[in-house]
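For reference, protein06.tsv (TSV, C-alpha atoms):
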chain	number	residue	atom	x	y	z
A	1	MET	CA	-7.15	-11.86	10.91
A	2	ARG	CA	-4.54	-11.85	8.17
A	3	HIS	CA	-1.80	-11.24	10.75
A	4	ASP	CA	-2.84	-14.25	12.86
A	5	ASP	CA	-3.18	-16.52	9.83
A	6	THR	CA	0.28	-15.56	8.59
A	7	ILE	CA	1.80	-16.23	12.00
A	8	ALA	CA	0.08	-19.62	12.06
A	9	VAL	CA	1.93	-20.57	8.88
A	10	THR	CA	5.28	-19.35	10.23
A	11	GLU	CA	4.72	-21.47	13.34
A	12	LEU	CA	3.91	-24.49	11.20
A	13	TYR	CA	7.07	-23.91	9.19
A	14	THR	CA	9.16	-23.73	12.36
A	15	GLU	CA	7.61	-26.99	13.54
A	16	LYS	CA	8.86	-28.64	10.37
A	17	ASN	CA	12.13	-26.66	10.28
A	18	PRO	CA	13.25	-26.09	13.91
A	19	ASN	CA	16.37	-24.26	12.79
A	20	ILE	CA	14.27	-21.40	11.34
A	21	LYS	CA	12.87	-18.69	13.59
A	22	PHE	CA	10.59	-15.80	12.64
A	23	GLN	CA	10.14	-12.37	14.14
A	24	CYS	CA	6.75	-11.06	13.04
A	25	GLU	CA	5.47	-7.55	13.61
A	26	PHE	CA	1.93	-6.26	13.24
A	27	MET	CA	1.07	-2.67	12.37
A	28	GLY	CA	-1.49	-0.68	10.41
A	29	GLY	CA	-1.09	-0.09	6.70
A	30	SER	CA	0.25	3.47	6.75
A	31	ASP	CA	2.63	2.65	9.62
A	32	TYR	CA	3.89	-0.41	7.76
A	33	TRP	CA	4.82	1.52	4.63
A	34	GLN	CA	6.44	4.28	6.66
A	35	LYS	CA	8.61	1.75	8.47
A	36	LEU	CA	9.42	-0.13	5.27
A	37	ASN	CA	10.57	3.12	3.67
A	38	THR	CA	12.81	3.77	6.67
A	39	LEU	CA	14.29	0.28	6.52
A	40	VAL	CA	15.01	0.61	2.79
A	41	ALA	CA	16.77	3.92	3.38
A	42	ALA	CA	18.84	2.35	6.18
A	43	ASN	CA	19.62	-0.75	4.08
A	44	ASP	CA	18.18	-2.84	6.90
A	45	MET	CA	15.31	-4.72	5.28
A	46	PRO	CA	13.73	-7.87	6.74
A	47	ASP	CA	14.83	-11.12	5.08
A	48	VAL	CA	11.29	-11.69	3.78
A	49	PHE	CA	8.72	-8.91	3.55
A	50	GLN	CA	5.37	-8.20	1.96
A	51	VAL	CA	4.52	-5.51	-0.56
A	52	GLY	CA	1.41	-4.55	-2.45
A	53	ASN	CA	0.92	-3.26	-5.96
A	54	ASN	CA	3.55	-0.65	-5.06
A	55	PHE	CA	6.37	-3.23	-5.12
A	56	ARG	CA	8.31	-1.28	-7.76
A	57	THR	CA	8.88	1.40	-5.15
A	58	TYR	CA	11.12	-1.09	-3.35
A	59	GLN	CA	12.70	-2.64	-6.44
A	60	SER	CA	16.20	-1.53	-5.47
A	61	ALA	CA	15.96	-3.60	-2.27
A	62	ILE	CA	14.41	-6.76	-3.79
A	63	GLU	CA	16.25	-9.93	-4.71
A	64	PRO	CA	15.30	-11.35	-8.16
A	65	LEU	CA	13.79	-14.80	-7.71
A	66	GLU	CA	14.61	-16.58	-10.99
A	67	PRO	CA	17.75	-18.31	-9.63
A	68	TYR	CA	15.71	-19.89	-6.83
A	69	VAL	CA	13.01	-20.99	-9.26
A	70	GLU	CA	15.60	-22.48	-11.62
A	71	SER	CA	17.31	-24.37	-8.78
A	72	GLY	CA	13.98	-25.76	-7.56
A	73	VAL	CA	14.21	-24.09	-4.16
A	74	LEU	CA	11.18	-21.96	-5.03
A	75	ASP	CA	8.54	-24.17	-6.64
A	76	LEU	CA	6.24	-22.18	-8.92
A	77	SER	CA	5.37	-25.05	-11.24
A	78	ASP	CA	1.68	-24.79	-10.32
A	79	ALA	CA	1.55	-20.99	-10.27
A	80	ASP	CA	-0.76	-19.41	-12.81
A	81	GLU	CA	0.81	-16.79	-15.05
A	82	THR	CA	-1.70	-14.29	-13.63
A	83	PHE	CA	0.12	-14.51	-10.30
A	84	LEU	CA	3.57	-14.04	-11.81
A	85	LEU	CA	3.16	-11.32	-14.42
A	86	PRO	CA	2.14	-8.49	-12.03
A	87	THR	CA	5.41	-8.88	-10.08
A	88	THR	CA	7.64	-9.39	-13.11
A	89	VAL	CA	9.61	-6.35	-14.31
A	90	ASP	CA	11.86	-6.41	-17.36
A	91	GLY	CA	11.84	-10.20	-17.28
A	92	GLN	CA	12.79	-10.37	-13.60
A	93	LEU	CA	10.47	-12.00	-11.08
A	94	LEU	CA	10.63	-9.76	-8.01
A	95	GLY	CA	7.92	-11.28	-5.85
A	96	VAL	CA	5.44	-14.11	-5.51
A	97	SER	CA	1.85	-12.89	-5.43
A	98	LEU	CA	-0.36	-14.08	-2.61
A	99	GLY	CA	-3.40	-12.86	-4.49
A	100	THR	CA	-4.49	-10.76	-7.43
A	101	ASN	CA	-7.45	-8.50	-7.98
A	102	ALA	CA	-8.87	-5.74	-10.13
A	103	TYR	CA	-10.60	-2.57	-9.02
A	104	CYS	CA	-14.30	-2.73	-9.72
A	105	MET	CA	-17.70	-1.29	-8.95
A	106	ILE	CA	-19.86	-2.91	-6.29
A	107	TYR	CA	-23.49	-1.82	-6.32
A	108	ASP	CA	-26.77	-2.53	-4.59
A	109	PRO	CA	-29.31	-3.84	-7.12
A	110	ALA	CA	-32.21	-3.20	-4.73
A	111	ILE	CA	-31.38	0.50	-4.59
A	112	PHE	CA	-31.25	0.73	-8.38
A	113	GLU	CA	-34.62	-1.00	-8.60
A	114	GLN	CA	-36.20	1.24	-5.97
A	115	ALA	CA	-34.95	4.32	-7.79
A	116	GLY	CA	-36.16	3.00	-11.16
A	117	VAL	CA	-32.63	3.15	-12.57
A	118	PRO	CA	-31.34	0.37	-14.86
A	119	GLU	CA	-28.50	-1.63	-13.35
A	120	PRO	CA	-24.95	-1.14	-14.65
A	121	THR	CA	-23.94	-3.20	-17.66
A	122	ASP	CA	-20.63	-4.03	-19.33
A	123	ASP	CA	-21.17	-1.13	-21.73
A	124	TRP	CA	-22.09	1.42	-19.06
A	125	THR	CA	-20.46	4.81	-19.67
A	126	TRP	CA	-19.35	7.48	-17.22
A	127	ASP	CA	-22.28	9.58	-18.46
A	128	ASP	CA	-24.61	6.69	-17.54
A	129	PHE	CA	-22.98	6.48	-14.14
A	130	GLU	CA	-23.27	10.20	-13.48
A	131	GLN	CA	-26.94	10.34	-14.44
A	132	ALA	CA	-27.69	7.28	-12.30
A	133	CYS	CA	-26.13	9.01	-9.28
A	134	TYR	CA	-28.36	12.05	-9.73
A	135	GLN	CA	-31.52	9.95	-10.19
A	136	ILE	CA	-30.81	7.73	-7.18
A	137	ASN	CA	-30.30	10.73	-4.95
A	138	GLU	CA	-33.40	12.45	-6.29
A	139	LYS	CA	-35.60	9.39	-5.80
A	140	LEU	CA	-34.22	7.97	-2.55
A	141	GLY	CA	-32.28	10.81	-0.90
A	142	ILE	CA	-29.08	8.77	-0.51
A	143	TYR	CA	-25.64	9.13	-2.04
A	144	GLY	CA	-25.41	7.95	-5.60
A	145	THR	CA	-21.83	6.83	-5.11
A	146	GLY	CA	-19.07	6.42	-2.59
A	147	ASP	CA	-15.74	8.14	-2.99
A	148	ILE	CA	-14.25	8.26	-6.52
A	149	GLY	CA	-10.55	7.96	-6.00
A	150	PHE	CA	-7.13	7.38	-7.52
A	151	TRP	CA	-7.85	4.05	-9.20
A	152	ASN	CA	-10.94	5.46	-10.89
A	153	MET	CA	-8.70	8.11	-12.41
A	154	VAL	CA	-6.09	5.52	-13.45
A	155	CYS	CA	-8.68	3.49	-15.38
A	156	TYR	CA	-10.23	6.66	-16.80
A	157	ILE	CA	-6.85	7.67	-18.25
A	158	MET	CA	-6.20	4.19	-19.64
A	159	GLN	CA	-9.59	4.19	-21.36
A	160	HIS	CA	-8.24	6.81	-23.77
A	161	GLY	CA	-6.07	4.23	-25.53
A	162	GLU	CA	-3.39	1.62	-25.02
A	163	ASP	CA	-0.63	4.24	-24.98
A	164	TYR	CA	-2.23	6.10	-22.06
A	165	THR	CA	-1.17	5.22	-18.50
A	166	ILE	CA	-0.90	7.10	-15.23
A	167	TYR	CA	2.91	6.74	-15.28
A	168	ASN	CA	5.35	5.75	-17.97
A	169	ALA	CA	6.96	2.30	-18.04
A	170	ASP	CA	9.98	3.47	-16.03
A	171	GLY	CA	7.87	5.19	-13.41
A	172	THR	CA	9.81	8.41	-13.98
A	173	ALA	CA	7.11	10.56	-15.59
A	174	LEU	CA	3.41	10.73	-16.38
A	175	GLY	CA	2.16	8.34	-19.03
A	176	TYR	CA	0.00	10.92	-20.80
A	177	THR	CA	0.56	14.39	-22.20
A	178	ASP	CA	-2.99	15.68	-22.59
A	179	ASP	CA	-3.92	17.23	-19.25
A	180	SER	CA	-7.51	17.69	-20.40
A	181	ILE	CA	-8.05	13.98	-19.71
A	182	VAL	CA	-7.48	14.48	-16.00
A	183	THR	CA	-9.37	17.78	-16.07
A	184	ASP	CA	-12.41	16.01	-17.55
A	185	PHE	CA	-12.26	13.38	-14.82
A	186	PHE	CA	-12.16	15.92	-12.02
A	187	ASP	CA	-14.85	18.03	-13.69
A	188	MET	CA	-17.14	14.99	-13.49
A	189	LYS	CA	-16.24	14.44	-9.85
A	190	LYS	CA	-16.79	18.13	-9.06
A	191	ARG	CA	-20.26	18.06	-10.64
A	192	LEU	CA	-21.21	15.19	-8.35
A	193	ILE	CA	-19.74	16.90	-5.30
A	194	ASP	CA	-21.47	20.20	-6.09
A	195	THR	CA	-24.88	18.53	-6.32
A	196	THR	CA	-26.00	18.39	-2.70
A	197	GLY	CA	-26.51	14.87	-1.38
A	198	VAL	CA	-25.17	13.02	-4.41
A	199	TYR	CA	-21.58	12.66	-3.20
A	200	PRO	CA	-20.38	12.12	0.41
A	201	THR	CA	-19.02	15.17	2.20
A	202	PRO	CA	-15.41	15.15	3.50
A	203	ASP	CA	-16.47	14.47	7.10
A	204	ILE	CA	-18.50	11.45	5.98
A	205	LEU	CA	-15.61	10.10	3.92
A	206	ALA	CA	-13.23	10.60	6.87
A	207	SER	CA	-15.49	8.41	9.02
A	208	ILE	CA	-15.04	5.39	6.70
A	209	LYS	CA	-12.27	3.37	8.31
A	210	ASP	CA	-12.96	-0.18	7.16
A	211	THR	CA	-15.34	-2.48	5.29
A	212	GLN	CA	-17.93	-2.31	8.04
A	213	SER	CA	-18.23	1.47	7.76
A	214	ASP	CA	-18.46	1.55	3.95
A	215	LEU	CA	-21.51	3.55	2.88
A	216	ILE	CA	-22.92	0.75	0.73
A	217	VAL	CA	-23.01	-1.54	3.79
A	218	SER	CA	-25.30	0.84	5.68
A	219	GLY	CA	-27.42	1.54	2.59
A	220	GLN	CA	-26.33	5.17	2.44
A	221	ALA	CA	-24.82	4.83	-1.04
A	222	ALA	CA	-25.71	2.82	-4.13
A	223	ILE	CA	-22.14	2.24	-5.33
A	224	SER	CA	-18.79	1.45	-3.74
A	225	TRP	CA	-15.45	1.30	-5.56
A	226	GLN	CA	-13.35	-1.55	-4.27
A	227	ALA	CA	-10.74	-4.16	-5.07
A	228	SER	CA	-12.57	-7.23	-6.38
A	229	ASN	CA	-11.28	-9.50	-3.62
A	230	LEU	CA	-13.24	-7.44	-1.07
A	231	TYR	CA	-16.56	-8.20	-2.75
A	232	SER	CA	-17.38	-11.26	-0.63
A	233	ALA	CA	-16.41	-9.51	2.59
A	234	ILE	CA	-18.62	-6.51	1.82
A	235	CYS	CA	-21.57	-8.76	0.96
A	236	GLU	CA	-21.04	-10.65	4.20
A	237	VAL	CA	-20.99	-7.49	6.30
A	238	ALA	CA	-23.93	-5.94	4.43
A	239	GLN	CA	-25.94	-9.16	4.93
A	240	ARG	CA	-27.75	-8.71	1.64
A	241	PRO	CA	-27.00	-9.51	-2.01
A	242	LEU	CA	-24.83	-6.98	-3.81
A	243	LYS	CA	-23.48	-7.15	-7.34
A	244	ILE	CA	-20.13	-6.53	-8.96
A	245	ALA	CA	-19.50	-4.77	-12.28
A	246	PRO	CA	-16.61	-3.32	-14.28
A	247	TYR	CA	-15.82	0.37	-14.26
A	248	PRO	CA	-17.89	2.59	-16.57
A	249	LYS	CA	-16.21	3.47	-19.87
A	250	LEU	CA	-15.81	6.59	-21.98
A	251	THR	CA	-17.91	5.01	-24.72
A	252	ALA	CA	-20.01	1.86	-24.73
A	253	ASP	CA	-17.68	0.08	-27.15
A	254	GLY	CA	-14.43	1.60	-25.87
A	255	PRO	CA	-11.62	0.00	-23.81
A	256	SER	CA	-12.29	-0.69	-20.15
A	257	GLY	CA	-8.90	0.46	-18.88
A	258	MET	CA	-9.14	-2.24	-16.21
A	259	PHE	CA	-6.28	-4.56	-15.33
A	260	VAL	CA	-5.30	-7.39	-13.02
A	261	ARG	CA	-2.92	-6.28	-10.29
A	262	ASN	CA	-0.94	-7.84	-7.50
A	263	SER	CA	-2.72	-7.42	-4.18
A	264	GLN	CA	0.04	-8.68	-1.88
A	265	ALA	CA	3.34	-10.43	-2.56
A	266	PHE	CA	6.29	-11.93	-0.72
A	267	CYS	CA	9.73	-10.57	-1.59
A	268	ILE	CA	13.25	-11.31	-0.40
A	269	SER	CA	15.68	-8.57	0.58
A	270	ASN	CA	18.76	-8.45	-1.64
A	271	ASN	CA	20.72	-7.60	1.51
A	272	SER	CA	19.60	-10.73	3.36
A	273	ASP	CA	22.05	-13.31	4.65
A	274	TYR	CA	19.35	-15.96	4.34
A	275	LYS	CA	18.04	-15.62	0.80
A	276	GLU	CA	17.74	-19.33	0.09
A	277	GLU	CA	15.95	-19.93	3.39
A	278	GLY	CA	13.59	-17.09	2.49
A	279	ALA	CA	12.87	-18.67	-0.88
A	280	LYS	CA	12.18	-22.02	0.80
A	281	PHE	CA	9.67	-20.36	3.14
A	282	ILE	CA	7.86	-18.58	0.31
A	283	SER	CA	7.68	-21.88	-1.57
A	284	PHE	CA	6.18	-23.51	1.52
A	285	PHE	CA	3.71	-20.67	2.02
A	286	VAL	CA	2.25	-20.93	-1.48
A	287	ASN	CA	2.47	-24.71	-1.99
A	288	ASP	CA	1.99	-26.57	1.28
A	289	LEU	CA	-1.60	-27.80	1.68
A	290	GLU	CA	-1.50	-27.77	5.48
A	291	ALA	CA	-0.20	-24.20	5.42
A	292	ASN	CA	-2.95	-23.09	3.09
A	293	ASP	CA	-5.56	-24.67	5.34
A	294	ARG	CA	-4.49	-22.12	7.94
A	295	LEU	CA	-4.82	-19.17	5.60
A	296	VAL	CA	-8.32	-17.75	5.88
A	297	TYR	CA	-7.69	-14.19	4.71
A	298	ARG	CA	-10.51	-11.74	5.16

Could I get this structure in the form of structure tokens?
Amino acid sequence: MRHDDTIAVTELYTEKNPNIKFQCEFMGGSDYWQKLNTLVAANDMPDVFQVGNNFRTYQSAIEPLEPYVESGVLDLSDADETFLLPTTVDGQLLGVSLGTNAYCMIYDPAIFEQAGVPEPTDDWTWDDFEQACYQINEKLGIYGTGDIGFWNMVCYIMQHGEDYTIYNADGTALGYTDDSIVTDFFDMKKRLIDTTGVYPTPDILASIKDTQSDLIVSGQAAISWQASNLYSAICEVAQRPLKIAPYPKLTADGPSGMFVRNSQAFCISNNSDYKEEGAKFISFFVNDLEANDRLVYR
């Protein structure tokens, strides 16, 4: 488990630095964010904490890391730019990524073959996707796709051009003005939902709690929309070969709208009394070979 692996690294760090003690706390995702929001409001953040792609929500509580990089306390000399850019805002490094990913489409090639539907390609369009869902359901009686959610809509908006985003650069307003873009997206989703058996019903979607219960794992759906770093885990649970593909596009030769994002990152509270010690720990976490041997994230 991620929690256990992280604790293993903190214990290793304490072995090498007996003056440093950690207090770790495990909780589910929604509970974690709720508590983090409360701690931010109370100005009582942990010295070191983890955020996801939503790190800008907590920007006011985060210590910029450049001074620790410049002093050598935080060693990022071997860090790829891909890991640094997603947590850099206005030239300020606010966190150190522990991983990056992109949202993608995972599909079952055997289902496509059985239904006589060509597999997705890099120039697949949303029209191609929609028609494939109908054909797969008609031929095999299973769902053409799993849930189409927020990140599908984000990419769909961005496919309309480089100036189109879900939010503006400041995060204070929408990044588009033409509401018909979002209307078109939800019209497509509604067509799938209204065609019986093509799209999972709300009760089915509510029953999906983890990777093991994903509809593609049980063979009940041909497509699952996931973060790319979950691909291996889903294949492992499904115990059969699945494939990964980019999101469909508006047009075959149009922009993909896809992007690399931070999946998790370590940050330091700007209210901490132990900022330098926090930076030293983050540096250890991402650089120490023995520490990384203990990290077997699933």

Next item on the list: Mind checking which residues fall within 10 Å of A:Ser228, counting only C-alpha atoms, ignoring those fewer than 2 positions away in the same chain, and posting them as a VMD selection string?
Entry: chain A and resid 100 to 106 225 to 226 230 to 232 244 to 246 260

Check: atom CA of A:Tyr156 and atom CA of A:Gln131 are how many Å apart?
Finding: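 So the answer is 17.3 Å.
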
Next item on the list: Could you please give me, as a PyMOL selection string, the residues of protein, DNA or RNA lying at most 10 Å from (19.7, -1.2, 4.1) in the coordinate frame of the file, considering all atoms listed in the file?
Entry: chain A and resi 38-46+61+269-272

Check: Using all atoms listed in the file, which residues sit within 12 Å of A:Asp90 once same-chain residues fewer than 2 positions away are excluded, as JSON, numbers by chain?
Finding: {"A": [56, 59, 64, 85, 86, 87, 88, 92, 93, 94, 169, 170]}

Checklist line | Atom-to-atom span, atom CA of A:Ile216 and atom CA of A:Tyr143, Å | finding: 9.2 Å

Notebook entry, point to check: Can you tell me how far atom CA of A:Ile268 sits from atom CA of A:Asn37, in Å to one decimal?
Noted result: 15.2 Å

Next item on the list: Around the point (19.7, -20.9, -1.1), in the coordinates given by the file, pick out the residues reaching within 10 Å, counting all atoms listed in the file, and return them as a PyMOL selection string.
Entry: chain A and resi 67-68+71-74+273-280

Check: Can you tell me, as number ranges by chain, what residues are no more than 9 Å from A:Pro248 when counting all atoms listed in the file, ignoring any on the same chain fewer than 2 positions away?
Finding: A: 105, 120-129, 156, 245-246, 250-252, 256

Check: Which of these residues is nearest to A:Thr165, using only C-alpha atoms: A:Glu11, A:Glu290, A:Asp178, A:Asp253?
Finding: A:Asp178

Check: If we count only C-alpha atoms, what is near A:Gly52 at a cut-off of 8 Å, once residues fewer than 6 positions away on the same chain are taken out, given as a PyMOL selection string?
Finding: chain A and resi 262-265

Note to self: Measuring between all atoms listed in the file, which one of A:Glu70, A:Asp5, A:Glu63, A:Asp147 shows the shortest distance to A:Phe266?
What the structure shows: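 Nearest candidate to A:Phe266 out of A:Glu70, A:Asp5, A:Glu63, A:Asp147: A:Glu63.
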
Next item on the list: Rank nothing, just name the residue among A:Thr196, A:Thr57, A:Asp163, A:Pro241 nearest to A:Pro109, using all atoms listed in the file.
Entry: A:Pro241

Next item on the list: Considering all atoms listed in the file, state which residue in the set A:Pro202, A:Pro255, A:Gly141, A:Gly219 is at the smallest distance from A:Ala115.
Entry: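 Selected residue with least distance to A:Ala115: A:Gly141.
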
Next item on the list: Extract, using all atoms listed in the file, all DNA, RNA and protein residues at most 9 Å from stretch 182-189 of chain A, discarding same-chain residues fewer than 3 positions from it, and format them as a PyMOL selection string.
Entry: chain A and resi 126-127+130+148+152-153+156-157+178-179+192-194+199

Pull C-alpha atoms from the residues just selected and write them as a compact mmCIF listing (two decimals), in the coordinates of the input.
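The new file selection_2.txt reads:
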# COMPACT_ATOMS: atom_id res chain seq x y z
CA TRP A 126 -19.35 7.48 -17.22
CA ASP A 127 -22.28 9.58 -18.46
CA GLU A 130 -23.27 10.20 -13.48
CA ILE A 148 -14.25 8.26 -6.52
CA ASN A 152 -10.94 5.46 -10.89
CA MET A 153 -8.70 8.11 -12.41
CA TYR A 156 -10.23 6.66 -16.80
CA ILE A 157 -6.85 7.67 -18.25
CA ASP A 178 -2.99 15.68 -22.59
CA ASP A 179 -3.92 17.23 -19.25
CA LEU A 192 -21.21 15.19 -8.35
CA ILE A 193 -19.74 16.90 -5.30
CA ASP A 194 -21.47 20.20 -6.09
CA TYR A 199 -21.58 12.66 -3.20
